[in-house]
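What follows is a short report on a single structure.
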Amino acid sequence: MDAETFEMLRDTVRRFVDERLIPAEDAVEEADAVPAEIIDQMREMGLFGISVPEEFGGLGCTMAEEAGLIRELTRASIVFRSVIGTTVGIGSQGIVMDGTSEQKAEWLPKFATGEAIASFGLTEPDAGSDAASLRTIAIREGDHYRINGTKRYITNAPRASVFTLMARTDPDNKGAGGISAFILPANTPGISLGKPDKKMGQKGAVTTDVILEDVIVPASAIIGGVPGMGFKTAMKVLDRGRIHIAAVALGMCDRLIGMALQYAMERKQFGQRIANFQLMQALLADMKVDMLTTEALMNSVAARFDAGEKVSLECSALKYHASEAVGRVADRAVQIFAGAGYMAEYKVERFYRDVRLLRIYEGTSQIQQTIIAKAMIRQAEQA
């Protein structure tokens, strides 16, 4: 979209965050649920279709544009972003990148309007960071597959109308090449959900187990129609997802810094505002530096991604830096609030708990370090 249209959209999202989402945060935390009317408003704004191409009814945002919108959205509680996150990410992008023309025509328009909400089924009780070791099995029976297995910590599972499900279609291939990605409607017989997980933070972002017992799905449901490509599809989507997570971290940095600065300028000790004390200023300065370095790196990587450059190493570095940086920012915000920051009535306590997950999902910090180092070694060997 042109720059003027994008700025109008970003302003609309900014007003939505300030006028609707931030005032609703306490109610969402208490109820552990995002109100249906807010989800409907997100549909009306087109937020489910941020990354869906315009030809299928989406907004067709570039990566840089998507990051800008997500940064605005996550100034409010991260749980609002979780409502659209799985649809904007793997739910739509696996099909955009590798889907057949029939799959694109069937699902992308539904994702764009929010009629269909996608959920991503990869993690299992014994397969997380080592995704290639997953045990969910899909056995070919004529023109169908029979799927059995359990998926764990699946975001948006109760809301989902469709799962992008990773299963092993070649039992003899124990590596990534034996895995396929299925488009699996959530109402398919044999699918059941576990009870909602009780989490440290991010209340309102629903995760559950997904249990698959003799689930029958047509062979045509494999993304791209080619077995054994599922893991490669997931890896393609991850670069975009890691830039997205950096934007999430930035939005949370913006909010945390705003809250901490305001509190430091209002709170008085020893006869003056605590913002006047140099040690408080050091905390504020370090928060700003973490935000600015994340912003600069994200803008650079997003621009290179949009230009078609190969930036997998940089995407991992960005996700690693951004998720660690927002953790530091949240910790310093609590320190500035001191005793008040440990109390649930102040939102920095909630944000402190919420940001912790960013260092775990979409690839842990340790996995990102491994990816970065291995890429460095490969580059050195090829030099």
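A note on labels: chains of the structure tokens are A, B, ... as shown, every chain counts residues from 1, and ligands are counted from 1 in their shown order.
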
Shell of 12 Å around Arg15 (chain A), only C-alpha atoms, local chain residues under 4 positions omitted, as a PyMOL selection string: chain A and resi 8-11+19-23+45+69+72-73+75-76

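Using only C-alpha atoms, the shortest contact distance between Ala285 (chain A) and any of A:Phe56, A:Gln269, A:Asp214, A:Arg332 is found at A:Arg332.
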
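Counting only C-alpha atoms, region 183-194 of chain A has the following residues at most 7 Å away, ignoring those fewer than 3 positions along the same chain: Ala160, Ser161, Val162, Phe163, Thr164, Leu165, Thr208, Asp209, Val210, Ile211, Leu212, Glu213, Asp214, Val215, Ala221, Ile222 and Ile223 of chain A.
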
Residues from the last selection, N, CA and C atoms, saved as a PDB file, in the first residue's frame:
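Listed below is the output, part-v5.pdb:
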```pdb
ATOM      1  N   ALA A 160      -9.816 -21.806  17.157  1.00  0.00           N
ATOM      2  CA  ALA A 160      -9.426 -22.141  15.780  1.00  0.00           C
ATOM      3  C   ALA A 160     -10.558 -22.784  14.994  1.00  0.00           C
ATOM      4  N   SER A 161     -10.645 -22.388  13.742  1.00  0.00           N
ATOM      5  CA  SER A 161     -11.519 -23.085  12.805  1.00  0.00           C
ATOM      6  C   SER A 161     -10.701 -24.002  11.908  1.00  0.00           C
ATOM      7  N   VAL A 162      -9.369 -23.838  11.943  1.00  0.00           N
ATOM      8  CA  VAL A 162      -8.498 -24.706  11.151  1.00  0.00           C
ATOM      9  C   VAL A 162      -7.116 -24.755  11.809  1.00  0.00           C
ATOM     10  N   PHE A 163      -6.484 -25.920  11.722  1.00  0.00           N
ATOM     11  CA  PHE A 163      -5.119 -26.088  12.219  1.00  0.00           C
ATOM     12  C   PHE A 163      -4.168 -26.279  11.038  1.00  0.00           C
ATOM     13  N   THR A 164      -3.012 -25.628  11.124  1.00  0.00           N
ATOM     14  CA  THR A 164      -1.892 -26.033  10.284  1.00  0.00           C
ATOM     15  C   THR A 164      -1.124 -27.040  11.131  1.00  0.00           C
ATOM     16  N   LEU A 165      -1.261 -28.298  10.777  1.00  0.00           N
ATOM     17  CA  LEU A 165      -0.801 -29.387  11.634  1.00  0.00           C
ATOM     18  C   LEU A 165       0.392 -30.103  11.025  1.00  0.00           C
ATOM     19  N   THR A 208      -4.058 -24.835  24.727  1.00  0.00           N
ATOM     20  CA  THR A 208      -4.493 -26.146  25.208  1.00  0.00           C
ATOM     21  C   THR A 208      -3.741 -27.231  24.440  1.00  0.00           C
ATOM     22  N   ASP A 209      -3.858 -28.461  24.931  1.00  0.00           N
ATOM     23  CA  ASP A 209      -3.443 -29.619  24.142  1.00  0.00           C
ATOM     24  C   ASP A 209      -4.465 -29.845  23.032  1.00  0.00           C
ATOM     25  N   VAL A 210      -3.993 -30.398  21.927  1.00  0.00           N
ATOM     26  CA  VAL A 210      -4.878 -30.851  20.851  1.00  0.00           C
ATOM     27  C   VAL A 210      -4.619 -32.341  20.665  1.00  0.00           C
ATOM     28  N   ILE A 211      -5.657 -33.142  20.881  1.00  0.00           N
ATOM     29  CA  ILE A 211      -5.518 -34.599  20.801  1.00  0.00           C
ATOM     30  C   ILE A 211      -6.151 -35.092  19.504  1.00  0.00           C
ATOM     31  N   LEU A 212      -5.408 -35.897  18.767  1.00  0.00           N
ATOM     32  CA  LEU A 212      -5.874 -36.420  17.486  1.00  0.00           C
ATOM     33  C   LEU A 212      -5.971 -37.937  17.582  1.00  0.00           C
ATOM     34  N   GLU A 213      -7.181 -38.451  17.442  1.00  0.00           N
ATOM     35  CA  GLU A 213      -7.428 -39.886  17.549  1.00  0.00           C
ATOM     36  C   GLU A 213      -8.139 -40.370  16.277  1.00  0.00           C
ATOM     37  N   ASP A 214      -7.380 -41.074  15.439  1.00  0.00           N
ATOM     38  CA  ASP A 214      -7.915 -41.594  14.178  1.00  0.00           C
ATOM     39  C   ASP A 214      -8.618 -40.495  13.379  1.00  0.00           C
ATOM     40  N   VAL A 215      -7.927 -39.382  13.213  1.00  0.00           N
ATOM     41  CA  VAL A 215      -8.456 -38.262  12.418  1.00  0.00           C
ATOM     42  C   VAL A 215      -8.207 -38.559  10.938  1.00  0.00           C
ATOM     43  N   ALA A 221      -5.179 -32.339   1.533  1.00  0.00           N
ATOM     44  CA  ALA A 221      -5.048 -31.349   2.604  1.00  0.00           C
ATOM     45  C   ALA A 221      -3.601 -31.031   2.936  1.00  0.00           C
ATOM     46  N   ILE A 222      -2.644 -31.771   2.375  1.00  0.00           N
ATOM     47  CA  ILE A 222      -1.231 -31.451   2.602  1.00  0.00           C
ATOM     48  C   ILE A 222      -0.902 -30.140   1.897  1.00  0.00           C
ATOM     49  N   ILE A 223      -0.308 -29.209   2.616  1.00  0.00           N
ATOM     50  CA  ILE A 223       0.040 -27.917   2.014  1.00  0.00           C
ATOM     51  C   ILE A 223       0.981 -28.131   0.827  1.00  0.00           C
TER      52      ILE A 223
END
```

Distance query region 110-116 of chain A at most 10 Å, only C-alpha atoms, self and fewer than 5 positions along chain excluded, as a ChimeraX atom specification: /A:39-40,42-54,56-60,84,87-88,91-92,104-105,159-162,185

Picked from region 67-304 of chain A by DSSP as strand (DSSP E), as number ranges by chain: A: 118-121, 137-141, 144-155, 162-168, 179-185, 191-193, 207-218, 268-269, 272-273
